[in-house]
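Q: To start, I am sharing the structure in question, which I have written as structure tokens.
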Amino acid sequence: MSDQHSGTADGTDTSAATASGTEASDTDTASADAATAGAASQPLLRVEDLQKSYGDETVLRGISFDLDKRDVEVIIGPSGSGKSTMLRCVNRLTEFQGGAIYLDGESVMAMNDNDLRRRVGMVFQDINLFAHLTALQNVTLGLRKVRGMGKEAAREKAMDQLDRVGLASQADSYPAELSGGQKQRVGIARALAMDPELLLFDEPTSALDPELVGEVLEVMRDLAEGGMTMLVVTHEMGFARRAASSLMFLDEGRIVERGPPEQLFDDPEHDRTAEFLQRLTTISEEV
Amino acid sequence: MVLSLASPPALDAVDWVALAQFESGDWAFVREQLPYLARGFVVTLLLTLTSIVLGFLAGFPMGAIEVYGRGPLRSFVYGAGVVLRAIPIVVILVFMFFVAPIPLPGGQFAFDVPRVGSVSFGRSAFLAATVGLGLRSAAYQAQIFRGALQSVSGGQMEAARSVGMSRLQGIRHVVLPQALRRSIPGFQNEFTIVLKDTSIAFAIGLTELFARADNLFTQRTTATLELFLFISLVYFIMTFVTNRSLDYLGDYYAIPGGDR
Ligand SMILES: Nc1ncnc2c1ncn2[C@@H]1O[C@H](COP(=O)(O)OP(=O)(O)O)[C@@H](O)[C@H]1O
Ligand SMILES: [Mg+2]
């Protein structure tokens, strides 16, 4: 599975690496990597010693990892461990105090935040659809106001996205008329419409009734298989096993362990990882 | 049962048929004076509109500043609101008419009716009342909008930002349309309060509906009940009609399926 993954990445990464090669020259780690491993190796996302605190409460204590194009990283960890905060640092919904984050070799701190967010989509736990707009309008709003698309073009593109999440028939429904699962799928379509290079998911199924979780995970699996680069906070271990290229266990603002999902499930290096995964599985079996 | 034996004398005195025909003595007086009262009605209506509009134009930004502003501007707006809401409206009106008018260049005072050639019309109670009622309404409308803006979940703003919209775009396209809808019930209330409080402009000599009824009553003291019943009815109809219209507006813009 990982072979096939790096194989497909080769072809697509070349152009990106050369395109951003000049911009990356000020960050010696990124250019060094590119030099050693050839054209294909620039990670889409590089997080370097990320540190973040709220007041005097330190939330992230030095997080570093790379994410290649088409990778799906699943992040797990106890409540309050900093998972949401980490995602929100990536698209700068919150500012961080230490370290650096690079998108395609370019420091996110150097980017206009609106431009950054156009390139990095986000799907929220509490969905946050625009309540006064139809499903279609939820998707077109960004296209019209951010991308400056015309009404008809935006509509067409939005319909394609709704179709992708299986909701074309609900285009004219308002959020209050949709089920939780349908709402979250509109949320995904809204993010997809901006053609993001990276999609962030913050516990996208945690607020849903259990019987609605499946339809959302299915859409996410399709995206993963279609080559979307994703950073997913979720405790749906079935999804992690099937779709993740890598699994990360976060605790108290640090990465405790990171590796292929099979490795963390079957042969974790740390007791804490084993314990946490054990608890997750028993809970989901009890439910 | 015991009470009904002695029916109140006041009720006995009302001739309902004559009343309905507007014809018994004091009712006939009200009818004769309809044109005089009608001019008061027009003043009341205009004053309500000018005050509400001024209140909206000032109150809407004030509410937005209380939510999104910071620094001295926000403190000023907040402070002005507190003061305006703390003072009785009659005091505000008297202040506007007798104290606030400052000399303007050209020998006139604020709230004076513009001079035509050398003819001076003196101070306009209507202008002073508009400013007084309008500013106080602004202070209340600001609270309506503030609450409505804050009631739109912060998550929707984050979602707007997450697709690359600026803060201003998020406010304009996501928060405002919902906040305006949620302001309608509060605004409805405020509208009726301003409408009824125009009668207090009587204190600065503005001859609106109530002042005219009061003038008539001093001419014919037996017509008190008739006069005040009549203008109460007029106020009632005005409030009723505006409330219904705003209900209709609220229904028209209601979000299908509910709010959240
Ligand atoms: N806006 C905020 N202000 C202050 N503290 C916050 C804020 N957001 C999160 N925190 C704190 O940061 C820590 C990590 O939160 P979060 O990233 O939401 O954790 P997780 O998503 O893993 O549950 C928690 O202790 C939380 O209380
Ligand atoms: Mg969280």
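We label chains A, B, ... in the order they appear in the structure tokens, count residues from 1 in each chain, and number ligands from 1 in the order shown.
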At a cut-off of 10 Å, which residues of chain B touch chain A? Count only C-alpha atoms and give the answer as a PyMOL selection string.

A: chain B and resi 152-167+169-170+173-175+177-178+181+253-260

Q: Those selected residues, please, written with N, CA, C and O atoms and delivered as a short mmCIF file (atom, residue, chain, number, x, y, z; two decimals), in the first residue's frame.

A:
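This went into result02.cif:
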data_model
loop_
_atom_site.label_atom_id
_atom_site.label_comp_id
_atom_site.auth_asym_id
_atom_site.auth_seq_id
_atom_site.Cartn_x
_atom_site.Cartn_y
_atom_site.Cartn_z
N VAL B 152 -24.94 34.80 16.70
CA VAL B 152 -24.53 33.96 15.56
C VAL B 152 -23.25 33.23 15.99
O VAL B 152 -22.28 33.86 16.39
N SER B 153 -23.27 31.91 15.89
CA SER B 153 -22.19 31.12 16.47
C SER B 153 -20.83 31.50 15.89
O SER B 153 -20.68 31.75 14.70
N GLY B 154 -19.84 31.60 16.76
CA GLY B 154 -18.48 31.93 16.33
C GLY B 154 -17.94 30.93 15.34
O GLY B 154 -17.09 31.25 14.51
N GLY B 155 -18.44 29.70 15.41
CA GLY B 155 -17.98 28.66 14.50
C GLY B 155 -18.25 29.00 13.04
O GLY B 155 -17.46 28.67 12.16
N GLN B 156 -19.36 29.66 12.78
CA GLN B 156 -19.68 30.03 11.40
C GLN B 156 -18.67 31.05 10.88
O GLN B 156 -18.31 31.04 9.70
N MET B 157 -18.24 31.95 11.75
CA MET B 157 -17.22 32.91 11.36
C MET B 157 -15.92 32.17 11.04
O MET B 157 -15.27 32.46 10.04
N GLU B 158 -15.57 31.21 11.87
CA GLU B 158 -14.35 30.42 11.61
C GLU B 158 -14.47 29.67 10.29
O GLU B 158 -13.50 29.58 9.54
N ALA B 159 -15.66 29.13 10.03
CA ALA B 159 -15.85 28.42 8.78
C ALA B 159 -15.66 29.37 7.59
O ALA B 159 -15.04 29.00 6.59
N ALA B 160 -16.16 30.58 7.73
CA ALA B 160 -15.99 31.57 6.67
C ALA B 160 -14.50 31.88 6.48
O ALA B 160 -14.00 31.90 5.35
N ARG B 161 -13.80 32.07 7.60
CA ARG B 161 -12.35 32.33 7.51
C ARG B 161 -11.63 31.14 6.89
O ARG B 161 -10.66 31.29 6.18
N SER B 162 -12.13 29.93 7.19
CA SER B 162 -11.41 28.72 6.75
C SER B 162 -11.49 28.51 5.23
O SER B 162 -10.72 27.75 4.69
N VAL B 163 -12.44 29.17 4.55
CA VAL B 163 -12.41 29.08 3.09
C VAL B 163 -11.71 30.29 2.49
O VAL B 163 -11.70 30.47 1.27
N GLY B 164 -11.14 31.14 3.33
CA GLY B 164 -10.33 32.25 2.82
C GLY B 164 -11.04 33.59 2.81
O GLY B 164 -10.54 34.56 2.26
N MET B 165 -12.24 33.65 3.43
CA MET B 165 -12.90 34.94 3.50
C MET B 165 -12.24 35.79 4.59
O MET B 165 -11.78 35.27 5.60
N SER B 166 -12.22 37.11 4.36
CA SER B 166 -11.67 38.00 5.37
C SER B 166 -12.69 38.15 6.50
O SER B 166 -13.85 37.76 6.36
N ARG B 167 -12.25 38.74 7.59
CA ARG B 167 -13.14 38.98 8.71
C ARG B 167 -14.34 39.81 8.28
O ARG B 167 -15.50 39.51 8.60
N GLN B 169 -15.58 40.15 5.25
CA GLN B 169 -16.47 39.35 4.40
C GLN B 169 -17.31 38.41 5.24
O GLN B 169 -18.50 38.21 4.96
N GLY B 170 -16.70 37.82 6.26
CA GLY B 170 -17.43 36.91 7.14
C GLY B 170 -18.56 37.64 7.85
O GLY B 170 -19.68 37.13 7.95
N HIS B 173 -21.26 38.63 4.97
CA HIS B 173 -22.02 37.61 4.25
C HIS B 173 -22.56 36.49 5.15
O HIS B 173 -23.43 35.75 4.74
N VAL B 174 -22.00 36.36 6.34
CA VAL B 174 -22.43 35.25 7.19
C VAL B 174 -23.12 35.75 8.46
O VAL B 174 -24.24 35.34 8.77
N VAL B 175 -22.47 36.66 9.17
CA VAL B 175 -23.03 37.07 10.46
C VAL B 175 -24.19 38.05 10.30
O VAL B 175 -25.27 37.85 10.87
N PRO B 177 -26.43 38.82 7.84
CA PRO B 177 -27.75 38.40 7.37
C PRO B 177 -28.53 37.64 8.45
O PRO B 177 -29.74 37.76 8.54
N GLN B 178 -27.81 36.89 9.26
CA GLN B 178 -28.50 36.17 10.33
C GLN B 178 -28.85 37.09 11.49
O GLN B 178 -29.91 36.98 12.10
N ARG B 181 -31.95 39.21 10.80
CA ARG B 181 -33.18 38.44 11.00
C ARG B 181 -33.52 38.33 12.48
O ARG B 181 -34.66 38.47 12.88
N TYR B 253 -38.50 36.55 5.74
CA TYR B 253 -37.07 36.26 5.75
C TYR B 253 -36.70 35.06 6.63
O TYR B 253 -35.53 34.77 6.84
N ALA B 254 -37.71 34.39 7.20
CA ALA B 254 -37.41 33.27 8.09
C ALA B 254 -36.61 32.20 7.33
O ALA B 254 -36.83 31.95 6.15
N ILE B 255 -35.67 31.58 8.03
CA ILE B 255 -34.85 30.54 7.41
C ILE B 255 -35.63 29.23 7.44
O ILE B 255 -36.03 28.78 8.52
N PRO B 256 -35.85 28.61 6.27
CA PRO B 256 -36.62 27.36 6.25
C PRO B 256 -36.03 26.30 7.18
O PRO B 256 -34.80 26.15 7.24
N GLY B 257 -36.90 25.65 7.90
CA GLY B 257 -36.45 24.56 8.78
C GLY B 257 -36.03 25.05 10.14
O GLY B 257 -35.66 24.26 10.99
N GLY B 258 -36.03 26.36 10.36
CA GLY B 258 -35.64 26.88 11.66
C GLY B 258 -34.33 27.62 11.58
O GLY B 258 -33.81 27.86 10.49
N ASP B 259 -33.79 27.97 12.74
CA ASP B 259 -32.69 28.91 12.77
C ASP B 259 -31.30 28.28 12.75
O ASP B 259 -30.40 28.75 12.09
N ARG B 260 -31.10 27.22 13.49
CA ARG B 260 -29.73 26.75 13.65
C ARG B 260 -29.34 25.61 12.76
O ARG B 260 -30.02 24.89 12.18
#

Q: Give me the residues near Phe126 of chain B as a PyMOL selection string, where near means some atom within 12 Å (using only C-alpha atoms) and where sequence neighbours in that chain fewer than 6 positions away do not count.

A: chain B and resi 40+43-51+93+96-97+111-113+132-134+198-208

Q: Going by DSSP on the backbone, which residues of segment 164-193 of chain B come out as alpha helix (DSSP H)? List them as a list in words.

A: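 Filtering segment 164-193 of chain B down to alpha helix (DSSP H) leaves Arg167, Leu168, Gln169, Gly170, Leu176, Pro177, Gln178, Ala179, Leu180, Arg181, Arg182, Ser183, Ile184, Pro185, Gly186, Phe187, Gln188, Asn189, Glu190, Phe191, Thr192 and Ile193 of chain B.
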
Q: Which residues form the shell of 9 Å around ligand 1 when you count only C-alpha atoms and all ligand atoms, given as an mmCIF file with N, CA and C atoms, in the first residue's frame?

A:
data_model
loop_
_atom_site.group_PDB
_atom_site.id
_atom_site.type_symbol
_atom_site.label_atom_id
_atom_site.label_comp_id
_atom_site.auth_asym_id
_atom_site.auth_seq_id
_atom_site.Cartn_x
_atom_site.Cartn_y
_atom_site.Cartn_z
ATOM 1 N N LYS A 52 3.005 26.190 21.096
ATOM 2 C CA LYS A 52 1.847 27.080 21.197
ATOM 3 C C LYS A 52 1.361 27.109 22.634
ATOM 4 N N SER A 53 1.085 28.279 23.146
ATOM 5 C CA SER A 53 0.470 28.340 24.470
ATOM 6 C C SER A 53 -0.659 29.360 24.481
ATOM 7 N N TYR A 54 -1.607 29.089 25.345
ATOM 8 C CA TYR A 54 -2.670 30.058 25.627
ATOM 9 C C TYR A 54 -2.332 30.680 26.972
ATOM 10 N N GLY A 55 -1.965 31.936 26.972
ATOM 11 C CA GLY A 55 -1.533 32.548 28.228
ATOM 12 C C GLY A 55 -0.332 31.797 28.754
ATOM 13 N N GLU A 57 -0.573 28.653 29.756
ATOM 14 C CA GLU A 57 -0.817 27.230 29.584
ATOM 15 C C GLU A 57 -0.216 26.762 28.252
ATOM 16 N N THR A 58 0.868 25.959 28.359
ATOM 17 C CA THR A 58 1.494 25.463 27.135
ATOM 18 C C THR A 58 0.686 24.298 26.581
ATOM 19 N N VAL A 59 0.318 24.387 25.326
ATOM 20 C CA VAL A 59 -0.545 23.375 24.730
ATOM 21 C C VAL A 59 0.224 22.479 23.759
ATOM 22 N N LEU A 60 1.089 23.067 22.950
ATOM 23 C CA LEU A 60 1.918 22.280 22.039
ATOM 24 C C LEU A 60 3.381 22.479 22.428
ATOM 25 N N ILE A 76 -4.597 10.826 16.805
ATOM 26 C CA ILE A 76 -5.416 10.441 17.950
ATOM 27 C C ILE A 76 -4.765 10.979 19.217
ATOM 28 N N GLY A 77 -5.507 10.999 20.287
ATOM 29 C CA GLY A 77 -4.956 11.480 21.544
ATOM 30 C C GLY A 77 -6.077 11.875 22.476
ATOM 31 N N PRO A 78 -5.786 11.892 23.788
ATOM 32 C CA PRO A 78 -6.821 12.220 24.753
ATOM 33 C C PRO A 78 -7.340 13.641 24.567
ATOM 34 N N SER A 79 -8.534 13.891 25.097
ATOM 35 C CA SER A 79 -9.114 15.226 25.046
ATOM 36 C C SER A 79 -8.177 16.220 25.738
ATOM 37 N N GLY A 80 -7.959 17.335 25.087
ATOM 38 C CA GLY A 80 -7.091 18.358 25.662
ATOM 39 C C GLY A 80 -5.624 18.173 25.345
ATOM 40 N N SER A 81 -5.297 17.180 24.511
ATOM 41 C CA SER A 81 -3.886 16.938 24.220
ATOM 42 C C SER A 81 -3.332 17.916 23.183
ATOM 43 N N GLY A 82 -4.200 18.686 22.541
ATOM 44 C CA GLY A 82 -3.728 19.704 21.607
ATOM 45 C C GLY A 82 -3.983 19.393 20.147
ATOM 46 N N LYS A 83 -4.844 18.399 19.869
ATOM 47 C CA LYS A 83 -5.092 17.996 18.485
ATOM 48 C C LYS A 83 -5.729 19.135 17.678
ATOM 49 N N SER A 84 -6.811 19.686 18.220
ATOM 50 C CA SER A 84 -7.482 20.783 17.503
ATOM 51 C C SER A 84 -6.539 21.964 17.344
ATOM 52 N N THR A 85 -5.832 22.264 18.413
ATOM 53 C CA THR A 85 -4.922 23.408 18.373
ATOM 54 C C THR A 85 -3.899 23.235 17.258
ATOM 55 N N MET A 86 -3.376 22.013 17.118
ATOM 56 C CA MET A 86 -2.381 21.778 16.085
ATOM 57 C C MET A 86 -2.969 22.038 14.697
ATOM 58 N N LEU A 87 -4.160 21.507 14.443
ATOM 59 C CA LEU A 87 -4.790 21.740 13.139
ATOM 60 C C LEU A 87 -4.975 23.229 12.897
ATOM 61 N N ARG A 88 -5.420 23.928 13.942
ATOM 62 C CA ARG A 88 -5.728 25.342 13.777
ATOM 63 C C ARG A 88 -4.477 26.184 13.587
ATOM 64 N N THR A 94 -5.442 29.978 14.535
ATOM 65 C CA THR A 94 -4.838 30.460 15.772
ATOM 66 C C THR A 94 -3.347 30.669 15.511
ATOM 67 N N ASP A 202 -11.268 18.045 11.809
ATOM 68 C CA ASP A 202 -11.202 18.025 13.267
ATOM 69 C C ASP A 202 -12.388 17.251 13.831
ATOM 70 N N GLU A 203 -12.189 16.013 14.132
ATOM 71 C CA GLU A 203 -13.242 15.121 14.642
ATOM 72 C C GLU A 203 -14.568 15.295 13.885
ATOM 73 N N VAL A 233 -8.072 14.397 12.535
ATOM 74 C CA VAL A 233 -8.229 14.028 13.932
ATOM 75 C C VAL A 233 -9.498 13.203 14.030
ATOM 76 N N LEU A 250 -0.905 11.728 19.962
ATOM 77 C CA LEU A 250 -0.516 12.980 20.587
ATOM 78 C C LEU A 250 -0.942 12.942 22.051
ATOM 79 N N ASP A 251 -0.045 13.365 22.946
ATOM 80 C CA ASP A 251 -0.438 13.464 24.343
ATOM 81 C C ASP A 251 0.305 14.622 24.990
ATOM 82 N N GLU A 252 -0.410 15.433 25.724
ATOM 83 C CA GLU A 252 0.164 16.585 26.423
ATOM 84 C C GLU A 252 1.038 17.433 25.505
ATOM 85 N N GLY A 253 0.560 17.634 24.296
ATOM 86 C CA GLY A 253 1.257 18.552 23.393
ATOM 87 C C GLY A 253 2.501 17.987 22.741
#

Q: Enumerate as a PyMOL selection string all residues of segment 25-272 of chain A assigned to strand (DSSP E) by DSSP on the backbone, naming them with the chain letters and numbers the document uses.

A: chain A and resi 45-54+57-67+72-76+98-103+106-107+120-123+198-202+229-233+246-251+254-259

Q: What lies within 9 Å of Gly166 of chain A using only C-alpha atoms, ignoring chain neighbours under 5 positions off, as a list in words?

A: Gln161, Gln182, Arg185 and Val219 of chain A

Q: Only C-alpha atoms, please: the residues just picked out, written as an mmCIF file, in the first residue's frame.

A:
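The result, written out as result00.cif:
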data_model
loop_
_atom_site.group_PDB
_atom_site.id
_atom_site.type_symbol
_atom_site.label_atom_id
_atom_site.label_comp_id
_atom_site.auth_asym_id
_atom_site.auth_seq_id
_atom_site.Cartn_x
_atom_site.Cartn_y
_atom_site.Cartn_z
ATOM 1 C CA GLN A 161 -18.832 19.063 -5.208
ATOM 2 C CA GLN A 182 -25.788 15.319 5.371
ATOM 3 C CA ARG A 185 -21.031 16.153 3.894
ATOM 4 C CA VAL A 219 -16.877 10.239 1.692
#

Q: Tell me which of A:Ala158, A:Leu67, A:Val232, A:Leu223 sits closest to ligand 2, counting only C-alpha atoms and all ligand atoms.

A: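 For ligand 2, the nearest of the given residues is A:Val232.
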
Q: Nearest to Val213 of chain A among A:Gly238, A:Ala110, A:Val47, A:Val256, with distances taken over only C-alpha atoms: which residue is it?

A: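 Closest candidate: A:Gly238.
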
Q: Would you mind listing what lies within 10 Å of Glu225 of chain A as a PyMOL selection string, with only C-alpha atoms counted and same-chain residues fewer than 6 positions away left out?

A: chain A and resi 5+70-72+219+243

Q: Suppose we keep N, CA, C and O atoms; can you now write the selection as a short mmCIF file (atom, residue, chain, number, x, y, z; two decimals), in the first residue's frame?

A:
data_model
loop_
_atom_site.label_atom_id
_atom_site.label_comp_id
_atom_site.auth_asym_id
_atom_site.auth_seq_id
_atom_site.Cartn_x
_atom_site.Cartn_y
_atom_site.Cartn_z
N HIS A 5 1.66 4.09 -2.94
CA HIS A 5 1.48 5.49 -2.56
C HIS A 5 2.65 6.36 -2.99
O HIS A 5 2.49 7.39 -3.62
N ARG A 70 -0.70 13.41 -1.00
CA ARG A 70 -1.52 12.20 -1.04
C ARG A 70 -1.46 11.37 0.24
O ARG A 70 -2.05 10.32 0.31
N ASP A 71 -0.74 11.87 1.24
CA ASP A 71 -0.70 11.16 2.52
C ASP A 71 -1.97 11.45 3.32
O ASP A 71 -2.55 12.54 3.21
N VAL A 72 -2.37 10.48 4.11
CA VAL A 72 -3.47 10.67 5.04
C VAL A 72 -2.95 10.38 6.44
O VAL A 72 -2.60 9.25 6.76
N VAL A 219 -17.33 9.12 2.53
CA VAL A 219 -16.88 10.24 1.69
C VAL A 219 -15.39 10.50 1.92
O VAL A 219 -14.62 10.71 0.98
N ALA A 243 -7.68 3.77 5.84
CA ALA A 243 -7.35 4.91 4.98
C ALA A 243 -6.05 5.62 5.33
O ALA A 243 -5.49 6.32 4.50
#

Q: Could you tell me how far atom CA of Ala100 of chain B lies from atom CA of Asp197 of chain B, in Å and to one decimal?

A: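 Between atom CA of Ala100 of chain B and atom CA of Asp197 of chain B the gap works out to 19.9 Å.
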
Q: So which residues touch Met62 of chain B within 9 Å, counting only C-alpha atoms, skipping near sequence neighbours fewer than 6 positions away, as a ChimeraX atom specification?

A: /B:74,77-78,81,138-139,141-143,145-146

Q: If you measure from atom CA of Glu32 of chain B to atom CA of Phe210 of chain B, what distance in Å do you get, rounded to one decimal?

A: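 Straight-line distance from atom CA of Glu32 of chain B to atom CA of Phe210 of chain B works out to 16.7 Å.
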